[in-house]
Amino acid sequence: VKLGQIAQFIYSKNAGPYLITFDTVFEDAASYEQALASQAFTRERLAKLFGVCESRIVSIHAYDAGHVIKFTMTREVSSGDFGDHSVFGSQQWAPLLDLELVPDDGVGTSDGERARTA
Amino acid sequence: VSHVEQLCILGPSGSLGYGVNADSLERALADGLDVIGADAGSTDMGAYYLGSGKPYHSRQTMKRDLSLLLHAAADNDIPLLVGTSGGAGGDVHLEWTREIVREVCREEGLHFPVAAIRAEQDKQFVKQRFSEGRAQPMVGVPERTADDVDRCEHVVAQMGVEPYIEALEQGARVILAGRACDAAIFAAEPVRQGFDAGLALHLGKILECGAMSAIPPTGRDCMRGILRRDSFEVVPPNPERRVTPESLAAHSVYEVEHPYLHGLPTGVLDLHDVQFRAVNGRSTEVTGTKFLERPHPTLRVEGAELRGYRSVVLGGIRDPQLIGRIDDFIATCNAQTRELIDAGVDYEVDWTVYGRNGVMGALEPSHDVVAHELGVLVQVLAETQEAAHDVASLLEARMIGYSYPGTKTRTANVAFPMCPVVLDTGPVFRFTILHTIELDSTDELVSLFPIDYEEI
């Protein structure tokens, strides 16, 4: 299953001029839990998907009440500076549509789940 | 401290100047309003507006929006609080907004005690906090020094509720402020009346985005909040929208790095134990927001530095062979241009290739170019507009004249959609300073934001 098949909304937006935050919103608890239980939202997977080093993923959070999984990445160029190509941080999320949700193998958890229970 | 049991507060839109929905405003007034807040700016659009002093919104739309809200305030005798005037909240943005308010009041016969609260900071003062090691960069912001502060054109600080409360205490009914925490605009009057700061600020954080927390979401419609002593309710005035526990919760994470914790000058808003309860099909009640006070207050400061001047060239390419060798095309144009420019002249060139990775740049995982046409945006940054224009003109000529083995065309490789081809877009700014500074005392939460009163 790919994230785009079970997510209700996926979007990216500035969280201040130096960060871009990516929100994935699920319509119900079942799809939210399915994504959370998979290996999809880990620093390693996300860094690889966007071709950045893991240190640029500053946080991964899961928010039960809103069925939201979000992660935040530092920008290479701050919003509106010369060389920035997306002033609002928008339209950076499309690769997430194809993020593969590997079924829970009972061994690992995503960073998001750890964040939730922390 | 008052003993009223609830306050009804309006967030007219996600940004004053987007165009207030007059029908929704009328409905909200009919349902009852005690306060109107209006967030007019952000750092979201980049540093150009703070750096240049230009307003983000059009004057015409701002005048229309302010006229609607000033009439609502006058007719119902309720205060109107504006924050981050003019898009960036510098002194010039505040004055621009105040001038529009004066004009509306003059033309439409309205009268208010008006307060204007400045947020622009003395650079010497900010530099000193940097020199003393009492300034921390926000997450993702590089380390900066006092010299970096000096290079900024303008430095503003985000005020909390305190200067607004001061102005309200002095009897102001229309309060125009420079850079302000979005939530504080809406929370100031409730906090003054002794309502819970956590709930008031949490509601403010929702209202500052207009109807973004509704289904369907939009920043271009009104949202109404009913703040009570131990809860608040969020109700969209527009009958075509509804607010559900899920939509409200999902909105909590919007535009912020952390879903539970939101920093403010005197503390942190903690949403960890928040409960959302559907009231009917259309509105949602919130309880459990906490406000954790800091031992020492801090202020967020923002400074915009001039990076240079920009000229741009926009073009399209349809030649399949040229599309196949786009990297050589770019490298050749750059190299030939560099040869023609004096060695002493510094400039940067940034190429955006739409149809390949124009949107995502280095973050783009797909490396194959499959498009049958490409859009090419060439941006030049130099110390003066003249120098930037000079480089862009030479690049334009190299783009036209680029030649390669086996070419089918004899001239004019690029389709330019505009005349003039080289566009001078003016100065480029960067948020060099995006820090929190420590304060000496809570007095500075007011004293750093001078208030000017006038009867309009």
# chains A, B, ... in the order shown; residues from 1 in each chain; ligands from 1
>>> residues_around(residues="Leu381 in chain B", least_positions_apart="4", cutoff="9 Å", atoms="only C-alpha atoms", output="list in words")
Phe82 of chain A; Arg307, Gly308, Tyr309, Arg310, Ser311, Val312, Asp346, Tyr347, Glu348, Val349, Asp350, Gln385, Ala387, Ala388, Val391, Pro427 and Val428 of chain B
>>> residues_around(residues="Asp319 in chain B", least_positions_apart="2", cutoff="10 Å", atoms="only C-alpha atoms", output="ChimeraX atom specification")
/B:316-317,321-324,372-374,407-409,413-414
>>> write_last_selection(atoms="all heavy atoms", output="mmCIF file, in the first residue's frame")
data_model
loop_
_atom_site.group_PDB
_atom_site.id
_atom_site.type_symbol
_atom_site.label_atom_id
_atom_site.label_comp_id
_atom_site.auth_asym_id
_atom_site.auth_seq_id
_atom_site.Cartn_x
_atom_site.Cartn_y
_atom_site.Cartn_z
ATOM 1 N N GLY B 316 11.016 29.425 -22.805
ATOM 2 C CA GLY B 316 10.526 28.075 -23.011
ATOM 3 C C GLY B 316 11.317 27.375 -24.110
ATOM 4 O O GLY B 316 11.768 28.012 -25.058
ATOM 5 N N ILE B 317 11.481 26.057 -23.945
ATOM 6 C CA ILE B 317 12.245 25.271 -24.924
ATOM 7 C C ILE B 317 11.399 24.098 -25.399
ATOM 8 O O ILE B 317 10.835 23.353 -24.595
ATOM 9 C CB ILE B 317 13.562 24.761 -24.284
ATOM 10 C CG1 ILE B 317 14.471 25.952 -23.968
ATOM 11 C CG2 ILE B 317 14.272 23.776 -25.214
ATOM 12 C CD1 ILE B 317 15.702 25.583 -23.167
ATOM 13 N N GLN B 321 16.133 17.982 -29.059
ATOM 14 C CA GLN B 321 17.583 17.777 -28.876
ATOM 15 C C GLN B 321 18.128 18.705 -27.801
ATOM 16 O O GLN B 321 18.977 18.323 -26.995
ATOM 17 C CB GLN B 321 18.317 18.054 -30.193
ATOM 18 C CG GLN B 321 18.097 16.990 -31.243
ATOM 19 C CD GLN B 321 19.129 17.144 -32.354
ATOM 20 O OE1 GLN B 321 20.233 16.607 -32.262
ATOM 21 N NE2 GLN B 321 18.772 17.896 -33.376
ATOM 22 N N LEU B 322 17.609 19.934 -27.783
ATOM 23 C CA LEU B 322 18.065 20.893 -26.782
ATOM 24 C C LEU B 322 17.601 20.458 -25.385
ATOM 25 O O LEU B 322 18.336 20.581 -24.404
ATOM 26 C CB LEU B 322 17.543 22.301 -27.121
ATOM 27 C CG LEU B 322 18.020 23.452 -26.232
ATOM 28 C CD1 LEU B 322 19.542 23.476 -26.095
ATOM 29 C CD2 LEU B 322 17.532 24.781 -26.784
ATOM 30 N N ILE B 323 16.383 19.933 -25.311
ATOM 31 C CA ILE B 323 15.885 19.401 -24.028
ATOM 32 C C ILE B 323 16.831 18.311 -23.527
ATOM 33 O O ILE B 323 17.150 18.251 -22.345
ATOM 34 C CB ILE B 323 14.439 18.873 -24.179
ATOM 35 C CG1 ILE B 323 13.471 20.046 -24.350
ATOM 36 C CG2 ILE B 323 14.033 18.005 -22.986
ATOM 37 C CD1 ILE B 323 12.046 19.656 -24.689
ATOM 38 N N GLY B 324 17.313 17.484 -24.439
ATOM 39 C CA GLY B 324 18.221 16.395 -24.073
ATOM 40 C C GLY B 324 19.582 16.872 -23.590
ATOM 41 O O GLY B 324 20.300 16.126 -22.934
ATOM 42 N N HIS B 372 7.890 17.226 -22.961
ATOM 43 C CA HIS B 372 8.161 17.599 -24.347
ATOM 44 C C HIS B 372 8.520 19.072 -24.465
ATOM 45 O O HIS B 372 8.913 19.537 -25.518
ATOM 46 C CB HIS B 372 6.957 17.261 -25.233
ATOM 47 C CG HIS B 372 5.760 18.105 -24.946
ATOM 48 N ND1 HIS B 372 4.946 17.878 -23.863
ATOM 49 C CD2 HIS B 372 5.258 19.181 -25.594
ATOM 50 C CE1 HIS B 372 3.983 18.784 -23.859
ATOM 51 N NE2 HIS B 372 4.147 19.594 -24.885
ATOM 52 N N GLU B 373 8.354 19.804 -23.380
ATOM 53 C CA GLU B 373 8.815 21.193 -23.364
ATOM 54 C C GLU B 373 9.305 21.530 -21.969
ATOM 55 O O GLU B 373 8.887 20.927 -20.983
ATOM 56 C CB GLU B 373 7.712 22.162 -23.788
ATOM 57 C CG GLU B 373 6.517 22.208 -22.853
ATOM 58 C CD GLU B 373 5.498 23.273 -23.272
ATOM 59 O OE1 GLU B 373 5.441 23.620 -24.463
ATOM 60 O OE2 GLU B 373 4.772 23.749 -22.381
ATOM 61 N N LEU B 374 10.226 22.487 -21.878
ATOM 62 C CA LEU B 374 10.771 22.907 -20.588
ATOM 63 C C LEU B 374 10.591 24.410 -20.422
ATOM 64 O O LEU B 374 10.677 25.159 -21.391
ATOM 65 C CB LEU B 374 12.274 22.585 -20.501
ATOM 66 C CG LEU B 374 12.697 21.113 -20.506
ATOM 67 C CD1 LEU B 374 14.239 21.026 -20.490
ATOM 68 C CD2 LEU B 374 12.115 20.349 -19.322
ATOM 69 N N THR B 407 22.470 20.440 -34.615
ATOM 70 C CA THR B 407 21.293 21.266 -34.376
ATOM 71 C C THR B 407 20.471 21.456 -35.648
ATOM 72 O O THR B 407 21.012 21.517 -36.739
ATOM 73 C CB THR B 407 21.679 22.643 -33.792
ATOM 74 O OG1 THR B 407 20.501 23.386 -33.579
ATOM 75 C CG2 THR B 407 22.599 23.406 -34.728
ATOM 76 N N LYS B 408 19.167 21.484 -35.497
ATOM 77 C CA LYS B 408 18.286 21.705 -36.641
ATOM 78 C C LYS B 408 17.953 23.184 -36.804
ATOM 79 O O LYS B 408 17.399 23.606 -37.811
ATOM 80 C CB LYS B 408 16.956 20.939 -36.454
ATOM 81 C CG LYS B 408 17.115 19.451 -36.321
ATOM 82 C CD LYS B 408 17.287 18.779 -37.662
ATOM 83 C CE LYS B 408 17.262 17.266 -37.512
ATOM 84 N NZ LYS B 408 18.065 16.616 -38.581
ATOM 85 N N THR B 409 18.212 23.946 -35.738
ATOM 86 C CA THR B 409 17.830 25.356 -35.802
ATOM 87 C C THR B 409 19.052 26.208 -36.097
ATOM 88 O O THR B 409 20.174 25.817 -35.806
ATOM 89 C CB THR B 409 17.164 25.807 -34.486
ATOM 90 O OG1 THR B 409 16.727 27.154 -34.652
ATOM 91 C CG2 THR B 409 18.113 25.745 -33.322
ATOM 92 N N ASN B 413 17.103 29.815 -29.868
ATOM 93 C CA ASN B 413 16.780 28.558 -29.191
ATOM 94 C C ASN B 413 15.599 28.638 -28.247
ATOM 95 O O ASN B 413 15.021 27.619 -27.928
ATOM 96 C CB ASN B 413 17.975 28.123 -28.340
ATOM 97 C CG ASN B 413 19.113 27.629 -29.188
ATOM 98 O OD1 ASN B 413 18.960 26.634 -29.895
ATOM 99 N ND2 ASN B 413 20.227 28.320 -29.140
ATOM 100 N N VAL B 414 15.350 29.830 -27.742
ATOM 101 C CA VAL B 414 14.418 29.952 -26.621
ATOM 102 C C VAL B 414 13.232 30.823 -26.997
ATOM 103 O O VAL B 414 13.395 31.858 -27.639
ATOM 104 C CB VAL B 414 15.147 30.541 -25.388
ATOM 105 C CG1 VAL B 414 14.193 30.707 -24.209
ATOM 106 C CG2 VAL B 414 16.334 29.667 -25.001
#
>>> select_by_dssp(residues="range 148-359 of chain B", states="strand (DSSP E or B)", output="short mmCIF file (atom, residue, chain, number, x, y, z; two decimals) with N, CA and C atoms, in the first residue's frame")
data_model
loop_
_atom_site.label_atom_id
_atom_site.label_comp_id
_atom_site.auth_asym_id
_atom_site.auth_seq_id
_atom_site.Cartn_x
_atom_site.Cartn_y
_atom_site.Cartn_z
N CYS B 152 20.98 44.20 8.90
CA CYS B 152 19.55 44.15 8.59
C CYS B 152 18.99 45.55 8.33
N GLU B 153 18.08 45.63 7.38
CA GLU B 153 17.43 46.91 7.07
C GLU B 153 16.46 47.28 8.19
N HIS B 154 15.69 46.28 8.64
CA HIS B 154 14.71 46.50 9.70
C HIS B 154 14.71 45.28 10.63
N VAL B 155 14.54 45.54 11.92
CA VAL B 155 14.40 44.46 12.90
C VAL B 155 13.12 44.72 13.69
N VAL B 156 12.25 43.70 13.74
CA VAL B 156 11.02 43.81 14.53
C VAL B 156 11.01 42.72 15.60
N ALA B 157 10.24 42.96 16.64
CA ALA B 157 10.00 41.92 17.65
C ALA B 157 8.51 41.61 17.67
N MET B 159 5.27 41.15 19.48
CA MET B 159 4.69 41.46 20.78
C MET B 159 3.70 40.37 21.20
N VAL B 174 -9.75 50.98 18.65
CA VAL B 174 -9.13 50.39 17.46
C VAL B 174 -7.64 50.38 17.74
N ILE B 175 -7.05 49.18 17.70
CA ILE B 175 -5.63 49.05 18.01
C ILE B 175 -4.92 48.47 16.79
N LEU B 176 -4.00 49.26 16.26
CA LEU B 176 -3.20 48.82 15.12
C LEU B 176 -1.81 48.53 15.65
N ALA B 177 -1.30 47.35 15.36
CA ALA B 177 0.00 46.99 15.90
C ALA B 177 0.95 46.56 14.79
N ALA B 180 3.23 41.16 15.63
CA ALA B 180 2.60 40.62 16.83
C ALA B 180 2.48 39.11 16.70
N ALA B 211 -10.98 30.57 8.47
CA ALA B 211 -11.71 29.29 8.45
C ALA B 211 -10.83 28.11 8.03
N ILE B 215 -14.18 22.51 7.64
CA ILE B 215 -14.35 21.67 6.46
C ILE B 215 -15.46 22.32 5.62
N THR B 218 -10.49 27.09 4.49
CA THR B 218 -10.01 28.23 3.70
C THR B 218 -9.56 29.34 4.62
N MET B 223 -14.10 33.05 10.99
CA MET B 223 -14.33 32.04 12.02
C MET B 223 -14.67 32.76 13.32
N ARG B 224 -15.64 32.18 14.06
CA ARG B 224 -16.08 32.79 15.31
C ARG B 224 -15.77 31.84 16.46
N GLY B 225 -15.25 32.39 17.53
CA GLY B 225 -14.94 31.60 18.72
C GLY B 225 -15.72 32.11 19.90
N ILE B 226 -16.18 31.19 20.73
CA ILE B 226 -16.88 31.56 21.96
C ILE B 226 -16.02 31.08 23.12
N LEU B 227 -15.39 32.05 23.78
CA LEU B 227 -14.49 31.70 24.89
C LEU B 227 -15.27 31.73 26.19
N ARG B 228 -15.20 30.62 26.94
CA ARG B 228 -15.85 30.56 28.25
C ARG B 228 -14.75 30.42 29.30
N PHE B 232 -13.62 26.56 25.22
CA PHE B 232 -14.05 27.43 24.12
C PHE B 232 -14.68 26.61 23.02
N GLU B 233 -15.47 27.30 22.20
CA GLU B 233 -16.17 26.63 21.12
C GLU B 233 -15.84 27.36 19.82
N VAL B 234 -15.65 26.60 18.76
CA VAL B 234 -15.31 27.19 17.47
C VAL B 234 -16.46 26.93 16.50
N VAL B 235 -17.03 28.02 15.97
CA VAL B 235 -18.24 27.94 15.15
C VAL B 235 -18.04 28.72 13.85
N ARG B 242 -18.22 23.52 8.42
CA ARG B 242 -18.40 22.98 9.76
C ARG B 242 -17.03 22.76 10.38
N LEU B 261 3.30 21.83 21.38
CA LEU B 261 3.92 22.95 22.09
C LEU B 261 4.11 24.14 21.16
N HIS B 262 3.60 25.30 21.58
CA HIS B 262 3.74 26.51 20.77
C HIS B 262 4.29 27.64 21.64
N GLY B 263 5.44 28.14 21.26
CA GLY B 263 6.12 29.15 22.08
C GLY B 263 5.52 30.54 21.95
N LEU B 264 5.41 31.22 23.09
CA LEU B 264 4.93 32.60 23.14
C LEU B 264 5.86 33.36 24.08
N GLY B 267 5.54 32.20 27.78
CA GLY B 267 5.39 30.79 28.11
C GLY B 267 5.14 29.95 26.88
N VAL B 268 4.74 28.71 27.15
CA VAL B 268 4.50 27.75 26.07
C VAL B 268 3.06 27.25 26.16
N LEU B 269 2.39 27.27 25.03
CA LEU B 269 1.03 26.72 24.94
C LEU B 269 1.17 25.21 24.80
N ASP B 270 0.57 24.46 25.73
CA ASP B 270 0.71 23.01 25.74
C ASP B 270 -0.63 22.37 25.38
N GLN B 275 -8.88 18.18 24.82
CA GLN B 275 -10.00 17.33 24.42
C GLN B 275 -10.89 18.11 23.44
N PHE B 276 -11.27 17.46 22.37
CA PHE B 276 -12.16 18.07 21.39
C PHE B 276 -13.51 17.34 21.44
N ARG B 277 -14.60 18.10 21.50
CA ARG B 277 -15.92 17.47 21.59
C ARG B 277 -16.86 18.12 20.58
N ALA B 278 -17.47 17.30 19.74
CA ALA B 278 -18.43 17.82 18.76
C ALA B 278 -19.66 18.32 19.52
N THR B 284 -17.32 22.74 17.47
CA THR B 284 -16.54 21.86 18.34
C THR B 284 -16.09 22.61 19.57
N GLU B 285 -16.17 21.92 20.72
CA GLU B 285 -15.75 22.51 21.99
C GLU B 285 -14.37 21.98 22.37
N VAL B 286 -13.55 22.84 22.95
CA VAL B 286 -12.19 22.49 23.32
C VAL B 286 -11.98 22.74 24.81
N THR B 287 -11.36 21.77 25.48
CA THR B 287 -10.98 21.94 26.89
C THR B 287 -9.56 21.40 27.07
N LYS B 290 -3.23 23.99 28.22
CA LYS B 290 -2.46 24.53 29.36
C LYS B 290 -1.51 25.62 28.86
N PHE B 291 -1.20 26.53 29.74
CA PHE B 291 -0.18 27.53 29.43
C PHE B 291 0.92 27.42 30.49
N LEU B 292 2.11 27.00 30.05
CA LEU B 292 3.22 26.80 30.98
C LEU B 292 4.08 28.06 30.95
N GLU B 293 4.06 28.81 32.02
CA GLU B 293 4.82 30.07 32.05
C GLU B 293 6.31 29.81 32.11
N THR B 298 10.77 35.86 26.90
CA THR B 298 11.63 36.05 25.72
C THR B 298 10.80 36.72 24.63
N LEU B 299 11.47 37.30 23.66
CA LEU B 299 10.78 37.84 22.49
C LEU B 299 11.42 37.28 21.24
N ARG B 300 10.59 37.02 20.24
CA ARG B 300 11.13 36.59 18.96
C ARG B 300 11.42 37.83 18.12
N VAL B 301 12.65 37.92 17.61
CA VAL B 301 13.03 39.06 16.77
C VAL B 301 13.29 38.57 15.34
N GLU B 302 12.95 39.41 14.39
CA GLU B 302 13.11 39.09 12.97
C GLU B 302 13.81 40.25 12.27
N GLY B 303 14.86 39.95 11.54
CA GLY B 303 15.59 40.99 10.83
C GLY B 303 15.80 40.60 9.39
N ALA B 304 15.57 41.56 8.48
CA ALA B 304 15.71 41.29 7.04
C ALA B 304 16.93 42.02 6.49
N GLU B 305 17.79 41.25 5.85
CA GLU B 305 19.04 41.79 5.28
C GLU B 305 18.93 41.87 3.76
N LEU B 306 19.43 42.96 3.20
CA LEU B 306 19.48 43.10 1.74
C LEU B 306 20.56 42.17 1.18
N ARG B 307 20.16 41.31 0.23
CA ARG B 307 21.12 40.36 -0.37
C ARG B 307 21.66 40.88 -1.69
N GLY B 308 20.96 41.81 -2.33
CA GLY B 308 21.38 42.30 -3.64
C GLY B 308 20.16 42.60 -4.47
N TYR B 309 20.40 42.78 -5.77
CA TYR B 309 19.29 43.11 -6.68
C TYR B 309 19.15 42.01 -7.73
N ARG B 310 17.91 41.80 -8.18
CA ARG B 310 17.64 40.66 -9.05
C ARG B 310 17.12 41.10 -10.41
N SER B 311 17.63 40.43 -11.46
CA SER B 311 17.03 40.51 -12.79
C SER B 311 16.75 39.10 -13.26
N VAL B 312 15.66 38.92 -14.01
CA VAL B 312 15.27 37.57 -14.41
C VAL B 312 14.96 37.49 -15.90
N VAL B 313 15.12 36.27 -16.44
CA VAL B 313 14.74 35.95 -17.82
C VAL B 313 13.90 34.68 -17.76
N LEU B 314 12.74 34.70 -18.40
CA LEU B 314 11.88 33.52 -18.45
C LEU B 314 11.79 33.06 -19.91
N GLY B 315 11.99 31.75 -20.14
CA GLY B 315 11.94 31.26 -21.51
C GLY B 315 11.41 29.84 -21.59
N GLY B 316 11.02 29.42 -22.80
CA GLY B 316 10.53 28.08 -23.01
C GLY B 316 11.32 27.38 -24.11
N ILE B 317 11.48 26.06 -23.94
CA ILE B 317 12.24 25.27 -24.92
C ILE B 317 11.40 24.10 -25.40
N TYR B 347 28.54 38.13 -8.92
CA TYR B 347 27.10 37.88 -9.13
C TYR B 347 26.82 36.40 -8.96
N GLU B 348 25.55 36.07 -8.75
CA GLU B 348 25.12 34.68 -8.69
C GLU B 348 24.06 34.46 -9.75
N VAL B 349 24.05 33.26 -10.35
CA VAL B 349 23.01 32.90 -11.30
C VAL B 349 22.29 31.65 -10.78
N ASP B 350 20.97 31.67 -10.82
CA ASP B 350 20.19 30.52 -10.39
C ASP B 350 19.24 30.12 -11.52
N TRP B 351 19.38 28.88 -11.99
CA TRP B 351 18.53 28.38 -13.07
C TRP B 351 17.45 27.46 -12.48
N THR B 352 16.23 27.71 -12.88
CA THR B 352 15.14 26.82 -12.50
C THR B 352 14.61 26.20 -13.79
N VAL B 353 14.62 24.87 -13.87
CA VAL B 353 14.15 24.21 -15.08
C VAL B 353 12.81 23.54 -14.78
N TYR B 354 11.72 24.21 -15.17
CA TYR B 354 10.39 23.63 -14.98
C TYR B 354 10.16 22.55 -16.04
#
>>> atom_distance(atom1="CA of Val161 in chain B", atom2="CA of Ile185 in chain B")
6.8 Å
>>> closest_atom_pairs(of="chain B", to="chain A", cutoff="7 Å", atoms="only C-alpha atoms", output="JSON lines")
{"residue": "B:Thr43", "atom": "CA", "partner": "A:Gly16", "partner_atom": "CA", "distance": 6.6}
{"residue": "B:Asp44", "atom": "CA", "partner": "A:Phe88", "partner_atom": "CA", "distance": 6.0}
{"residue": "B:Met45", "atom": "CA", "partner": "A:Val87", "partner_atom": "CA", "distance": 6.2}
{"residue": "B:Gly46", "atom": "CA", "partner": "A:Gly80", "partner_atom": "CA", "distance": 4.4}
{"residue": "B:Ala47", "atom": "CA", "partner": "A:Gly80", "partner_atom": "CA", "distance": 6.4}
{"residue": "B:Gly140", "atom": "CA", "partner": "A:Thr74", "partner_atom": "CA", "distance": 5.5}
{"residue": "B:Val141", "atom": "CA", "partner": "A:Tyr18", "partner_atom": "CA", "distance": 6.1}
{"residue": "B:Glu246", "atom": "CA", "partner": "A:Gly66", "partner_atom": "CA", "distance": 4.8}
{"residue": "B:Ser247", "atom": "CA", "partner": "A:Gly66", "partner_atom": "CA", "distance": 6.9}
{"residue": "B:Ala249", "atom": "CA", "partner": "A:Gly66", "partner_atom": "CA", "distance": 4.3}
{"residue": "B:Ala250", "atom": "CA", "partner": "A:Gly66", "partner_atom": "CA", "distance": 4.2}
{"residue": "B:Glu255", "atom": "CA", "partner": "A:Ala15", "partner_atom": "CA", "distance": 4.6}
{"residue": "B:Val256", "atom": "CA", "partner": "A:Ala15", "partner_atom": "CA", "distance": 4.7}
{"residue": "B:Glu257", "atom": "CA", "partner": "A:Ala15", "partner_atom": "CA", "distance": 5.9}
{"residue": "B:Pro259", "atom": "CA", "partner": "A:Tyr63", "partner_atom": "CA", "distance": 6.7}
{"residue": "B:Asp350", "atom": "CA", "partner": "A:Gly83", "partner_atom": "CA", "distance": 6.1}
{"residue": "B:Val359", "atom": "CA", "partner": "A:His85", "partner_atom": "CA", "distance": 6.3}
{"residue": "B:Met360", "atom": "CA", "partner": "A:Gln92", "partner_atom": "CA", "distance": 6.0}
{"residue": "B:Leu363", "atom": "CA", "partner": "A:Phe50", "partner_atom": "CA", "distance": 4.9}
{"residue": "B:Glu364", "atom": "CA", "partner": "A:Phe50", "partner_atom": "CA", "distance": 6.5}
{"residue": "B:Pro365", "atom": "CA", "partner": "A:Phe50", "partner_atom": "CA", "distance": 6.0}
{"residue": "B:Val428", "atom": "CA", "partner": "A:Asp81", "partner_atom": "CA", "distance": 6.8}
{"residue": "B:Phe429", "atom": "CA", "partner": "A:Asp81", "partner_atom": "CA", "distance": 6.1}
{"residue": "B:Arg430", "atom": "CA", "partner": "A:Asp81", "partner_atom": "CA", "distance": 5.0}
>>> write_last_selection(atoms="N, CA and C atoms", output="short mmCIF file (atom, residue, chain, number, x, y, z; two decimals), in the first residue's frame")
data_model
loop_
_atom_site.label_atom_id
_atom_site.label_comp_id
_atom_site.auth_asym_id
_atom_site.auth_seq_id
_atom_site.Cartn_x
_atom_site.Cartn_y
_atom_site.Cartn_z
N THR B 43 5.68 35.87 8.53
CA THR B 43 6.96 35.77 7.85
C THR B 43 6.83 34.86 6.64
N ASP B 44 5.61 34.34 6.43
CA ASP B 44 5.40 33.28 5.47
C ASP B 44 5.76 33.65 4.03
N MET B 45 5.60 34.92 3.69
CA MET B 45 5.80 35.34 2.29
C MET B 45 7.26 35.73 2.02
N GLY B 46 8.14 35.48 2.99
CA GLY B 46 9.54 35.81 2.79
C GLY B 46 9.87 37.18 3.35
N ALA B 47 11.15 37.56 3.26
CA ALA B 47 11.67 38.73 3.96
C ALA B 47 11.54 40.03 3.16
N GLY B 140 16.76 25.51 12.94
CA GLY B 140 17.10 25.56 11.53
C GLY B 140 17.80 26.84 11.09
N VAL B 141 17.89 27.83 11.98
CA VAL B 141 18.52 29.12 11.64
C VAL B 141 19.99 29.07 12.01
N GLU B 246 -11.92 16.45 14.50
CA GLU B 246 -10.77 16.05 13.67
C GLU B 246 -10.20 17.26 12.91
N SER B 247 -11.09 18.08 12.34
CA SER B 247 -10.58 19.21 11.55
C SER B 247 -9.86 20.21 12.44
N ALA B 249 -8.39 19.51 15.39
CA ALA B 249 -7.15 18.89 15.87
C ALA B 249 -6.08 18.91 14.78
N ALA B 250 -6.50 18.58 13.56
CA ALA B 250 -5.53 18.55 12.46
C ALA B 250 -4.96 19.95 12.22
N GLU B 255 1.42 24.66 9.96
CA GLU B 255 2.46 25.71 9.90
C GLU B 255 3.39 25.74 11.11
N VAL B 256 3.37 24.70 11.94
CA VAL B 256 4.27 24.69 13.08
C VAL B 256 5.05 23.39 13.10
N GLU B 257 6.18 23.42 13.80
CA GLU B 257 7.04 22.24 13.82
C GLU B 257 6.51 21.22 14.82
N PRO B 259 3.39 19.61 17.26
CA PRO B 259 1.92 19.57 17.36
C PRO B 259 1.39 19.95 18.74
N ASP B 350 20.97 31.67 -10.82
CA ASP B 350 20.19 30.52 -10.39
C ASP B 350 19.24 30.12 -11.52
N VAL B 359 10.25 22.69 -9.35
CA VAL B 359 9.48 22.89 -8.12
C VAL B 359 10.28 22.46 -6.89
N MET B 360 10.96 21.34 -6.99
CA MET B 360 11.58 20.77 -5.79
C MET B 360 13.11 20.87 -5.76
N LEU B 363 15.51 18.44 -3.79
CA LEU B 363 14.66 17.46 -3.08
C LEU B 363 13.94 16.52 -4.05
N GLU B 364 14.02 16.80 -5.35
CA GLU B 364 13.27 16.02 -6.35
C GLU B 364 13.86 14.61 -6.50
N PRO B 365 13.06 13.57 -6.20
CA PRO B 365 13.59 12.21 -6.36
C PRO B 365 13.59 11.72 -7.80
N VAL B 428 16.44 41.89 -3.17
CA VAL B 428 16.16 40.57 -2.59
C VAL B 428 16.60 40.62 -1.13
N PHE B 429 15.74 40.13 -0.25
CA PHE B 429 16.05 40.13 1.18
C PHE B 429 16.02 38.73 1.76
N ARG B 430 16.68 38.59 2.89
CA ARG B 430 16.69 37.31 3.60
C ARG B 430 16.41 37.57 5.08
#
>>> residues_around(residues="Ile6 in chain A", least_positions_apart="5", cutoff="12 Å", atoms="only C-alpha atoms", output="ChimeraX atom specification")
/A:1,24-36,96-101
>>> select_by_dssp(residues="chain A", states="helix (DSSP H, G or I)", output="ChimeraX atom specification")
/A:3-6,29-37,43-50,54-56,64-66,94-98,111-117
>>> closest_residue(among="A:Gln5, A:Val102, A:Glu54, A:Ile10", to="Ala40 in chain A", atoms="only C-alpha atoms")
A:Val102
